[in-house]
Structure formats: structure tokens, C-alpha cells
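Peer 1: Sharing a structure below in C-alpha cells format, with a few things to ask.
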Amino acid sequence: MSGDERHLELPFTGPATFFKAPHVPALELHRTGGRFDVGILGVPFDFAVGFRPGARFAPAAVRAASGRYAVPPSGYYDFETDSYSLGGARLVDAGDVDVAQLETAESHDRITAAARALRAAVALPLFVGGDHSVSYPLLRAFDEVRRLHVVQLDAHLDYSDSRNATRWANSSPFRRAVEALPELVNVTVVGLRGVRADPEAFAAARSRGHELIAARAVHAAITDVVDRLPKGENVYLSIDVDALDAAELPGTGSPEPEGLSYGQARDLVVATVRRNELVGVDLMELAPELDPTGRSALLSARLLAETLEAWWRVRAE
């Protein structure tokens, strides 16, 4: 079967890999002797949630959904600009981290090791969780990146010092990250809302100079919000799918009303990519079994596809 024909396979034909990319486990990528443009790693860990679990199943769901957005040899065609993007891009599915379930420290070490291996082999690493706690061990793999800035799309701050006597929950990953990584200079959070805010966490984030932007600000004037995004920085983009409105993406453990539309989330992602040097991306908190329609997984895969497309266009300029 020719390469062109393989790209014309139906979305549901297998084996299922991220965007129908070839599968090479992260810890074996060094044996390939080549370098890929994009590598995608699954992190099926959701043992740190305080409400509804299920994000451990997200990597498999996004793999299946992403078959609809497999990149053809010529790339995605944009009819509005009559142009192509991602043509010839070398993608690899780096498999899943073999997490240690209830052994948090061991799981974190395995996640960091796999992320480092992926970074060594690809220009842009992309991670699909899992609950948001795993952003912390992922960020540890970027500890040498100078002046790292996190842009976080999220309904929740995820900056609590501890919850229910644990410091490693999905409500604390960025608190742990700024404590551990001297080069992580700032965090910009967009999409905040809800009635369960932790005042200590917000005070701590403000005292450190983090940029905290409510979803209402995006609804009022997204162009003003774009102006508040970092510019010219090394950016790690962390997308919690609960940043989107629950009516649009219901498959998440802690949904909140009045969230971002898909278009707003995409435009914020594209603006972030265009304004900065993107060093890594994660997508977290998709709980696919909470949405039996499959819509949430499809939207997640689509948002990742558009993130890659934006990055590729900037890279080609």
C-alpha cells in the first residue's frame, strides 16, 4: 500500500495512533537515529483527582479521535488562505508512560524520564494526560530551558499548596513546578471561573506576579486578553479541557459553566504560538467516558491538530 493510500484510510481503521503517526515508544526513540518534528506521548494517570476520575482513558480516546485529523502527505488545506500546513511533517506516537498507579513519586519519575527521552528526539513534544497533576513531572523535563513561561488555559488555578493533606493533587501542579524550577519565571492563566476558588492560592499566585485572567475577560474582549499573553518567551502551553464551556466539552471531571468557546480557546492557542517560542504542549483532564457522544475527544483532537498547524506555520515563516 502506498503512503498516499495509507493517509486515505478511514478514521476508524487501525491500529489507532495519534494522528495515525508511526508508533515508537519514547524510551526507544534514541534507537531510530532520526529526529521527528512532533512527538506525542500519552500519560494515563488520574490518581490525583479530587472529584470525578476517568482522565486515565484520555490518551486512548484522543488516539481514536485523532484518526479523523490524520495529516495527509500534502498537509492540511486551508480554503480561506488557499495554503497548506504540516505537509511533510514527521510525527511519531511515543506510546504511553507506564505509570505506577498509587506510587506517586515513582510515577512522576517515569513521566519525567519519558518526557526527557521524547524531547531529545523531537522538535515539539506534545503530551496527552491524564489529570493536571502530571504537568508537574512533565515540566521537570524542561528544567534547563531558560526563562520558561507557562501559559495555562484552565477554569481552575491549580496553585493550591495542598488539598486534603496532599501536595501532589491536580489542584497543585504549578505550585510544585515554580518551587522546583528556578527558570520557570511566570505563569499566565486564562479562563478562570467558578465559586470554589482557594484564596490562599490566588494570593500566592498574585504575589509571584502571575497573570490571572478570568473567562469573563475573554468574553468581553479577547483582543485585550491576547495583549496580556507573554511575548518573545519560551512557552510551555498547558491546556486543561475544562477551560472550554461544559456545554461544548462535557467530558471532564470538574466542568464549569460560562467557559470559553472552542473558537476562543483556539484563538488563544494560536496567539500564544505566534507570540512565543513553543517548547512543549500538554492537554489534560479529558475524561472521555463522561461524554458518551465522543464529542469531547473529537474537540480535544481537533484543538491539538490546530495547535500543531499554528506551530508549523510559524516555524515555516
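Residue numbering restarts at 1 in every chain; chains get A, B, ... in the order shown in the C-alpha cells, and ligands count up from 1 in that same order.
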Considering only C-alpha atoms, return as a list of chain:residue names whatever protein or nucleic-acid residues lie within 8 Å of Asp93 in chain A, sequence-local ones (same chain, fewer than 5 positions apart) excluded.
Peer 2: A:Thr17, A:Phe18, A:Ala21, A:Pro22, A:His23, A:Val24, A:Pro25, A:Gly39, A:Ile40, A:Leu41
Peer 1: Can you list every residue of range 95-176 of chain A that has an atom at most 7 Å from range 195-212 of chain A, with its nearest atom pair and the distance in Å to one decimal, using only C-alpha atoms, ordered by chain then number, as JSON lines?
Peer 2:
```
{"residue": "A:Tyr159", "atom": "CA", "partner": "A:Ala201", "partner_atom": "CA", "distance": 5.4}
{"residue": "A:Ser160", "atom": "CA", "partner": "A:Ala201", "partner_atom": "CA", "distance": 4.8}
{"residue": "A:Asp161", "atom": "CA", "partner": "A:Ala201", "partner_atom": "CA", "distance": 6.8}
```
Peer 1: Once you have the residues from the selection above, write them out as a PDB file, in the first residue's frame, restricted to all heavy atoms.
Peer 2:
```
ATOM      1  N   TYR A 159      -3.094  25.968  41.814  1.00  0.00           N
ATOM      2  CA  TYR A 159      -1.926  26.530  42.501  1.00  0.00           C
ATOM      3  C   TYR A 159      -2.070  26.410  44.019  1.00  0.00           C
ATOM      4  O   TYR A 159      -1.439  27.131  44.766  1.00  0.00           O
ATOM      5  CB  TYR A 159      -1.753  27.999  42.086  1.00  0.00           C
ATOM      6  CG  TYR A 159      -0.360  28.539  42.260  1.00  0.00           C
ATOM      7  CD1 TYR A 159       0.666  28.148  41.403  1.00  0.00           C
ATOM      8  CD2 TYR A 159      -0.066  29.451  43.265  1.00  0.00           C
ATOM      9  CE1 TYR A 159       1.947  28.647  41.560  1.00  0.00           C
ATOM     10  CE2 TYR A 159       1.221  29.966  43.420  1.00  0.00           C
ATOM     11  CZ  TYR A 159       2.214  29.557  42.564  1.00  0.00           C
ATOM     12  OH  TYR A 159       3.494  30.057  42.723  1.00  0.00           O
ATOM     13  N   SER A 160      -2.888  25.476  44.480  1.00  0.00           N
ATOM     14  CA  SER A 160      -3.054  25.274  45.917  1.00  0.00           C
ATOM     15  C   SER A 160      -1.791  24.674  46.520  1.00  0.00           C
ATOM     16  O   SER A 160      -1.111  23.851  45.896  1.00  0.00           O
ATOM     17  CB  SER A 160      -4.234  24.341  46.200  1.00  0.00           C
ATOM     18  OG  SER A 160      -5.445  24.919  45.776  1.00  0.00           O
ATOM     19  N   ASP A 161      -1.498  25.063  47.748  1.00  0.00           N
ATOM     20  CA  ASP A 161      -0.339  24.483  48.422  1.00  0.00           C
ATOM     21  C   ASP A 161      -0.609  23.027  48.775  1.00  0.00           C
ATOM     22  O   ASP A 161       0.253  22.171  48.615  1.00  0.00           O
ATOM     23  CB  ASP A 161      -0.008  25.282  49.683  1.00  0.00           C
ATOM     24  CG  ASP A 161       1.294  24.826  50.303  1.00  0.00           C
ATOM     25  OD1 ASP A 161       2.246  24.548  49.546  1.00  0.00           O
ATOM     26  OD2 ASP A 161       1.365  24.734  51.538  1.00  0.00           O
TER      27      ASP A 161
END
```
Peer 1: Determine, for each residue of range 112-151 of chain A having at least one atom at most 12 Å from an atom of range 252-259 of chain A, the closest pair of atoms and their separation in Å to one decimal, counting only C-alpha atoms; order by chain and ascending number, as CSV.
Peer 2:
```
residue,atom,partner,partner_atom,distance
A:Gly129,CA,A:Thr252,CA,11.8
A:Gly130,CA,A:Thr252,CA,10.8
A:Asp131,CA,A:Gly253,CA,9.0
A:His132,CA,A:Gly253,CA,10.9
```
Peer 1: Mind pulling up the distance from CA of Ala55 in chain A to CA of Ala114 in chain A?
Peer 2: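 Distance reported for this atom pair: 18.9 Å.
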Peer 1: For a quick check of understanding, using only C-alpha atoms, which of A:Thr307, A:Ala243, A:Val178, A:Leu298 has the smallest distance to Pro11 in chain A?
Peer 2: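 Checking each candidate against Pro11 in chain A, we get A:Leu298 as the closest.
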Peer 1: Using only C-alpha atoms, find the one residue out of A:Gly251, A:Gly191, A:Gly75, A:Pro15 that sits nearest to Arg313 in chain A.
Peer 2: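 Using only C-alpha atoms, the shortest distance to Arg313 in chain A belongs to A:Gly75.
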Peer 1: Identify which of the residues A:Ala246, A:Leu139, A:Ala310, A:Val62 lies closest to Glu179 in chain A, counting only C-alpha atoms when measuring atom-to-atom distances.
Peer 2: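 Looking at the shortest contact to Glu179 in chain A, the residue is A:Leu139.
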Peer 1: List every residue of range 87-185 of chain A that has an atom at most 10 Å from any atom of range 281-286 of chain A, and for each one report the closest atom pair and its distance in Å to one decimal, counting only C-alpha atoms, with rows sorted by chain and then by increasing residue number, as CSV.
Peer 2:
```
residue,atom,partner,partner_atom,distance
A:Leu124,CA,A:Val281,CA,7.9
A:Pro125,CA,A:Val281,CA,6.6
A:Leu126,CA,A:Val281,CA,4.8
A:Phe127,CA,A:Asp282,CA,4.5
A:Val128,CA,A:Leu283,CA,5.0
A:Gly129,CA,A:Met284,CA,4.8
A:Gly130,CA,A:Met284,CA,5.6
A:Asp131,CA,A:Glu285,CA,4.7
A:His132,CA,A:Met284,CA,5.5
A:Ser133,CA,A:Met284,CA,9.0
A:Val134,CA,A:Met284,CA,8.5
A:Ser135,CA,A:Asp282,CA,7.4
A:Leu138,CA,A:Asp282,CA,8.7
A:Leu139,CA,A:Asp282,CA,9.9
A:Val150,CA,A:Val281,CA,9.7
A:Val151,CA,A:Val281,CA,9.6
A:Gln152,CA,A:Asp282,CA,9.6
A:Leu153,CA,A:Leu283,CA,9.6
A:Asp154,CA,A:Met284,CA,9.7
A:Asn170,CA,A:Glu285,CA,9.2
```
Peer 1: Just how far from CA of Pro292 in chain A is CA of Leu304 in chain A, in Å to one decimal?
Peer 2: 20.6 Å
Peer 1: Go through A:Val241, A:Leu268, A:Lys20, A:Pro137 and flag the residue nearest Glu106 in chain A, using only C-alpha atoms for the distances.
Peer 2: A:Pro137
Peer 1: Kindly indicate which residue among A:Gly194, A:Arg140, A:Ala271, A:Ala217 lies nearest to Pro182 in chain A, using only C-alpha atoms for the distances.
Peer 2: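 With only C-alpha atoms as the atom set, the closest residue is A:Arg140.
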Peer 1: Tell me, in Å to one decimal, how far CA of Ile239 in chain A is from CA of Asn186 in chain A.
Peer 2: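 CA of Asn186 in chain A lies 16.2 Å from CA of Ile239 in chain A.
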